[in-house]
>>> print(open('upload_9.pdb').read())   # PDB, C-alpha atoms
ATOM      1  CA  MET B  56       0.000   0.000   0.000
ATOM      2  CA  LYS B  57       0.948   3.475  -0.558
ATOM      3  CA  GLU B  58       1.810   5.722   2.198
ATOM      4  CA  GLY B  59       0.056   8.812   1.163
ATOM      5  CA  THR B  60      -3.168  10.454   2.058
ATOM      6  CA  ASN B  61      -6.156   8.677   0.704
ATOM      7  CA  TYR B  62      -8.282  11.625  -0.342
ATOM      8  CA  ILE B  63     -11.268   9.554  -1.390
ATOM      9  CA  ALA B  64     -11.498   7.878   2.032
ATOM     10  CA  LEU B  65     -11.003  11.228   3.720
ATOM     11  CA  CYS B  66     -13.746  12.775   1.581
ATOM     12  CA  ILE B  67     -16.152   9.913   2.329
ATOM     13  CA  THR B  68     -15.343  10.084   6.044
ATOM     14  CA  LEU B  69     -15.896  13.845   6.178
ATOM     15  CA  THR B  70     -19.149  13.523   4.218
ATOM     16  CA  ILE B  71     -20.442  10.850   6.595
ATOM     17  CA  ALA B  72     -19.367  12.938   9.600
ATOM     18  CA  VAL B  73     -21.159  16.030   8.251
ATOM     19  CA  PHE B  74     -24.331  14.057   7.551
ATOM     20  CA  LEU B  75     -24.226  12.421  10.975
ATOM     21  CA  GLY B  76     -23.541  15.777  12.627
ATOM     22  CA  ASN B  77     -26.422  17.403  10.777
ATOM     23  CA  GLY B  78     -28.620  14.455  11.674
ATOM     24  CA  MET B  79     -27.726  14.807  15.330
ATOM     25  CA  ILE B  80     -28.395  18.543  15.207
ATOM     26  CA  LEU B  81     -31.807  17.891  13.635
ATOM     27  CA  VAL B  82     -32.652  15.275  16.280
ATOM     28  CA  VAL B  83     -31.587  17.577  19.137
ATOM     29  CA  GLU B  84     -33.454  20.520  17.588
ATOM     30  CA  LYS B  85     -36.594  18.386  17.166
ATOM     31  CA  ALA B  86     -36.354  17.227  20.790
ATOM     32  CA  TRP B  87     -35.896  20.835  21.974
ATOM     33  CA  THR B  88     -38.853  22.018  19.883
ATOM     34  CA  ASN B  89     -41.022  19.226  21.288
ATOM     35  CA  TYR B  90     -39.965  20.203  24.808
ATOM     36  CA  GLU B  91     -40.805  23.872  24.168
ATOM     37  CA  TRP B  92     -44.193  22.954  22.692
ATOM     38  CA  SER B  93     -45.007  20.699  25.647
ATOM     39  CA  GLU B  94     -44.072  23.478  28.089
ATOM     40  CA  ALA B  95     -46.148  25.968  26.123
ATOM     41  CA  ALA B  96     -49.073  23.522  26.172
ATOM     42  CA  LYS B  97     -48.742  23.193  29.963
ATOM     43  CA  VAL B  98     -48.753  26.973  30.374
ATOM     44  CA  PHE B  99     -51.745  27.256  28.037
ATOM     45  CA  GLN B 100     -53.594  24.515  29.934
ATOM     46  CA  LYS B 101     -52.915  26.206  33.281
ATOM     47  CA  SER B 102     -54.112  29.564  31.983
ATOM     48  CA  THR B 103     -57.204  27.922  30.493
ATOM     49  CA  GLU B 104     -57.976  26.252  33.815
ATOM     50  CA  ARG B 105     -57.468  29.563  35.633
ATOM     51  CA  ILE B 106     -59.762  31.349  33.187
ATOM     52  CA  ASN B 107     -62.394  28.622  33.583
ATOM     53  CA  ILE B 108     -62.206  28.894  37.370
ATOM     54  CA  GLU B 109     -62.492  32.682  37.211
ATOM     55  CA  SER B 110     -65.424  32.417  34.803
ATOM     56  CA  ALA B 111     -67.172  29.970  37.107
ATOM     57  CA  GLN B 112     -66.616  32.320  40.040
ATOM     58  CA  ARG B 113     -67.988  35.260  38.062
ATOM     59  CA  MET B 114     -71.020  33.193  37.058
ATOM     60  CA  LYS B 115     -71.658  32.295  40.700
ATOM     61  CA  GLU B 116     -71.294  35.945  41.691
ATOM     62  CA  ARG B 117     -73.744  36.967  38.950
ATOM     63  CA  GLN B 118     -76.204  34.289  40.023
ATOM     64  CA  ILE B 119     -75.949  35.448  43.627
ATOM     65  CA  LYS B 120     -76.452  39.076  42.569
ATOM     66  CA  ASN B 121     -79.418  38.091  40.395
ATOM     67  CA  GLN B 122     -80.944  36.110  43.257
ATOM     68  CA  GLN B 123     -80.398  39.022  45.633
ATOM     69  CA  ALA B 124     -81.938  41.426  43.125
ATOM     70  CA  LEU B 125     -84.911  39.084  42.667
ATOM     71  CA  ILE B 126     -85.380  38.809  46.415
ATOM     72  CA  GLN B 127     -85.111  42.586  46.741
ATOM     73  CA  ARG B 128     -87.688  43.139  43.959
ATOM     74  CA  GLN B 129     -90.020  40.614  45.564
ATOM     75  CA  GLU B 130     -89.636  42.367  48.919
ATOM     76  CA  GLN B 131     -90.284  45.756  47.302
ATOM     77  CA  ASN B 132     -93.370  44.363  45.561
ATOM     78  CA  ARG B 133     -94.579  42.876  48.842
ATOM     79  CA  LEU B 134     -94.065  46.172  50.659
ATOM     80  CA  ALA B 135     -95.749  48.092  47.840
ATOM     81  CA  LYS B 136     -98.717  45.709  47.992
ATOM     82  CA  ILE B 137     -98.957  46.145  51.758
ATOM     83  CA  GLN B 138     -98.795  49.922  51.373
ATOM     84  CA  SER B 139    -101.433  49.822  48.623
ATOM     85  CA  GLU B 140    -103.688  47.731  50.837
ATOM     86  CA  LYS B 141    -103.151  50.179  53.712
ATOM     87  CA  ASP B 142    -103.985  53.108  51.427
ATOM     88  CA  GLN B 143    -107.115  51.378  50.117
ATOM     89  CA  ASN B 144    -108.154  50.505  53.652
ATOM     90  CA  ALA B 145    -107.624  54.107  54.757
ATOM     91  CA  GLN B 146    -109.705  55.362  51.823
ATOM     92  CA  ARG B 147    -112.446  52.851  52.647
ATOM     93  CA  ILE B 148    -112.484  53.924  56.289
ATOM     94  CA  ASN B 149    -112.550  57.604  55.244
ATOM     95  CA  ARG B 150    -115.510  56.906  52.914
ATOM     96  CA  GLN B 151    -117.349  54.985  55.642
ATOM     97  CA  THR B 152    -116.710  57.781  58.131
ATOM     98  CA  CYS B 153    -117.885  60.389  55.621
ATOM     99  CA  ASP B 154    -120.989  58.307  54.819
ATOM    100  CA  PHE B 155    -121.707  57.856  58.519
ATOM    101  CA  TRP B 156    -121.574  61.601  59.275
ATOM    102  CA  ALA B 157    -123.522  62.433  56.123
ATOM    103  CA  THR B 158    -126.248  60.033  57.303
ATOM    104  CA  GLU B 159    -126.134  61.496  60.796
ATOM    105  CA  TYR B 160    -126.376  65.026  59.387
ATOM    106  CA  ARG B 161    -129.386  64.032  57.265
ATOM    107  CA  LYS B 162    -131.074  62.588  60.363
ATOM    108  CA  ALA B 163    -130.357  65.538  62.630
ATOM    109  CA  ARG B 164    -129.217  68.737  60.986
ATOM    110  CA  SER B 165    -127.045  69.925  63.842
ATOM    111  CA  SER B 166    -123.971  72.093  63.523
ATOM    112  CA  TYR B 167    -121.931  69.373  65.260
ATOM    113  CA  ASN B 168    -122.972  66.766  62.665
ATOM    114  CA  LYS B 169    -122.239  69.268  59.856
ATOM    115  CA  THR B 170    -118.773  70.028  61.248
ATOM    116  CA  MET B 171    -118.006  66.321  61.663
ATOM    117  CA  MET B 172    -119.322  65.539  58.145
ATOM    118  CA  ASP B 173    -117.261  68.348  56.593
ATOM    119  CA  SER B 174    -114.173  67.193  58.467
ATOM    120  CA  ALA B 175    -114.652  63.513  57.557
ATOM    121  CA  CYS B 176    -115.505  64.183  53.903
ATOM    122  CA  SER B 177    -112.613  66.549  53.310
ATOM    123  CA  ARG B 178    -110.015  63.786  53.692
TER     124      ARG B 178
END
>>> encode(input="upload_9.pdb", output="structure tokens")
Amino acid sequence: MKEGTNYIALCITLTIAVFLGNGMILVVEKAWTNYEWSEAAKVFQKSTERINIESAQRMKERQIKNQQALIQRQEQNRLAKIQSEKDQNAQRINRQTCDFWATEYRKARSSYNKTMMDSACSR
């Protein structure tokens, strides 16, 4: 054999080394990309869970506010109905009192009955 540099073998060896090196770089890059994507997915999943929890809390708060508003409206309606009934009752009593004194004045035309009738009917 000759003692010189075998350029063909050297060229083949360098070519194989470059291809293997590039292959290794691609494999490492792919692994790194997969790692980054998995970490990004974890962060996205955590933020999605946090958003879902916050949304659920806001929904509960809205439901509570709506229930409180409904209860408040019902209470206001109940109080308004009671007040209306009181007003109607007062008007009925005023009419009855006026009718009573008008009847009394028709029976006996006294100044007392007239004063009482005028007072009762002016309400």
>>> atom_distance(input="upload_9.pdb", atom1="atom CA of Val98 of chain B", atom2="atom CA of Ser110 of chain B")
18.1 Å
>>> closest_residue(input="upload_9.pdb", among="B:Thr152, B:Asn107, B:Thr88, B:Thr158", to="Ser174 of chain B", atoms="only C-alpha atoms")
B:Thr152
>>> axis_aligned_box(input="upload_9.pdb", around="segment 165-174 of chain B", padding_each_side="3 Å", output="lines of an AutoDock Vina configuration file")
center_x = -120.6
center_y = 68.8
center_z = 60.9
size_x = 18.9
size_y = 12.6
size_z = 14.7
>>> atom_distance(input="upload_9.pdb", atom1="atom CA of Met172 of chain B", atom2="atom CA of Gln151 of chain B")
11.0 Å
>>> atom_distance(input="upload_9.pdb", atom1="atom CA of Lys169 of chain B", atom2="atom CA of Cys153 of chain B")
10.8 Å
>>> closest_residue(input="upload_9.pdb", among="B:Ala157, B:Thr60, B:Arg147, B:Ala163", to="Cys176 of chain B", atoms="only C-alpha atoms")
B:Ala157
>>> closest_residue(input="upload_9.pdb", among="B:Ala96, B:Ala175, B:Leu125, B:Ile71", to="Tyr160 of chain B", atoms="only C-alpha atoms")
B:Ala175
>>> build_atoms(input="upload_9.pdb", residues="segment 61-81 of chain B", atoms="N, CA and C atoms", output="PDB file, keeping the file's coordinate frame")
ATOM      1  N   ASN B  61      -5.101   9.192   1.555  1.00  0.00           N
ATOM      2  CA  ASN B  61      -6.156   8.677   0.704  1.00  0.00           C
ATOM      3  C   ASN B  61      -7.297   9.701   0.730  1.00  0.00           C
ATOM      4  N   TYR B  62      -7.314  10.516  -0.304  1.00  0.00           N
ATOM      5  CA  TYR B  62      -8.282  11.625  -0.342  1.00  0.00           C
ATOM      6  C   TYR B  62      -9.717  11.140  -0.527  1.00  0.00           C
ATOM      7  N   ILE B  63      -9.901  10.071  -1.177  1.00  0.00           N
ATOM      8  CA  ILE B  63     -11.268   9.554  -1.390  1.00  0.00           C
ATOM      9  C   ILE B  63     -11.825   9.087  -0.049  1.00  0.00           C
ATOM     10  N   ALA B  64     -11.037   8.352   0.733  1.00  0.00           N
ATOM     11  CA  ALA B  64     -11.498   7.878   2.032  1.00  0.00           C
ATOM     12  C   ALA B  64     -11.738   9.062   2.955  1.00  0.00           C
ATOM     13  N   LEU B  65     -10.847  10.039   2.897  1.00  0.00           N
ATOM     14  CA  LEU B  65     -11.003  11.228   3.720  1.00  0.00           C
ATOM     15  C   LEU B  65     -12.281  11.967   3.354  1.00  0.00           C
ATOM     16  N   CYS B  66     -12.538  12.083   2.067  1.00  0.00           N
ATOM     17  CA  CYS B  66     -13.746  12.775   1.581  1.00  0.00           C
ATOM     18  C   CYS B  66     -14.987  12.028   2.026  1.00  0.00           C
ATOM     19  N   ILE B  67     -14.986  10.710   1.914  1.00  0.00           N
ATOM     20  CA  ILE B  67     -16.152   9.913   2.329  1.00  0.00           C
ATOM     21  C   ILE B  67     -16.351  10.032   3.839  1.00  0.00           C
ATOM     22  N   THR B  68     -15.253   9.975   4.586  1.00  0.00           N
ATOM     23  CA  THR B  68     -15.343  10.084   6.044  1.00  0.00           C
ATOM     24  C   THR B  68     -15.890  11.441   6.456  1.00  0.00           C
ATOM     25  N   LEU B  69     -15.400  12.502   5.859  1.00  0.00           N
ATOM     26  CA  LEU B  69     -15.896  13.845   6.178  1.00  0.00           C
ATOM     27  C   LEU B  69     -17.371  14.007   5.799  1.00  0.00           C
ATOM     28  N   THR B  70     -17.743  13.440   4.659  1.00  0.00           N
ATOM     29  CA  THR B  70     -19.149  13.523   4.218  1.00  0.00           C
ATOM     30  C   THR B  70     -20.049  12.803   5.208  1.00  0.00           C
ATOM     31  N   ILE B  71     -19.639  11.607   5.623  1.00  0.00           N
ATOM     32  CA  ILE B  71     -20.442  10.850   6.595  1.00  0.00           C
ATOM     33  C   ILE B  71     -20.513  11.612   7.917  1.00  0.00           C
ATOM     34  N   ALA B  72     -19.394  12.181   8.342  1.00  0.00           N
ATOM     35  CA  ALA B  72     -19.367  12.938   9.600  1.00  0.00           C
ATOM     36  C   ALA B  72     -20.278  14.150   9.535  1.00  0.00           C
ATOM     37  N   VAL B  73     -20.277  14.852   8.406  1.00  0.00           N
ATOM     38  CA  VAL B  73     -21.159  16.030   8.251  1.00  0.00           C
ATOM     39  C   VAL B  73     -22.613  15.599   8.285  1.00  0.00           C
ATOM     40  N   PHE B  74     -22.943  14.535   7.555  1.00  0.00           N
ATOM     41  CA  PHE B  74     -24.331  14.057   7.551  1.00  0.00           C
ATOM     42  C   PHE B  74     -24.762  13.603   8.939  1.00  0.00           C
ATOM     43  N   LEU B  75     -23.893  12.869   9.628  1.00  0.00           N
ATOM     44  CA  LEU B  75     -24.226  12.421  10.975  1.00  0.00           C
ATOM     45  C   LEU B  75     -24.362  13.616  11.931  1.00  0.00           C
ATOM     46  N   GLY B  76     -23.465  14.574  11.793  1.00  0.00           N
ATOM     47  CA  GLY B  76     -23.541  15.777  12.627  1.00  0.00           C
ATOM     48  C   GLY B  76     -24.828  16.534  12.389  1.00  0.00           C
ATOM     49  N   ASN B  77     -25.166  16.720  11.106  1.00  0.00           N
ATOM     50  CA  ASN B  77     -26.422  17.403  10.777  1.00  0.00           C
ATOM     51  C   ASN B  77     -27.613  16.614  11.293  1.00  0.00           C
ATOM     52  N   GLY B  78     -27.532  15.306  11.167  1.00  0.00           N
ATOM     53  CA  GLY B  78     -28.620  14.455  11.674  1.00  0.00           C
ATOM     54  C   GLY B  78     -28.788  14.616  13.178  1.00  0.00           C
ATOM     55  N   MET B  79     -27.672  14.628  13.877  1.00  0.00           N
ATOM     56  CA  MET B  79     -27.726  14.807  15.330  1.00  0.00           C
ATOM     57  C   MET B  79     -28.294  16.185  15.698  1.00  0.00           C
ATOM     58  N   ILE B  80     -27.873  17.197  14.964  1.00  0.00           N
ATOM     59  CA  ILE B  80     -28.395  18.543  15.207  1.00  0.00           C
ATOM     60  C   ILE B  80     -29.898  18.570  14.977  1.00  0.00           C
ATOM     61  N   LEU B  81     -30.368  17.933  13.905  1.00  0.00           N
ATOM     62  CA  LEU B  81     -31.807  17.891  13.635  1.00  0.00           C
ATOM     63  C   LEU B  81     -32.559  17.160  14.744  1.00  0.00           C
TER      64      LEU B  81
END
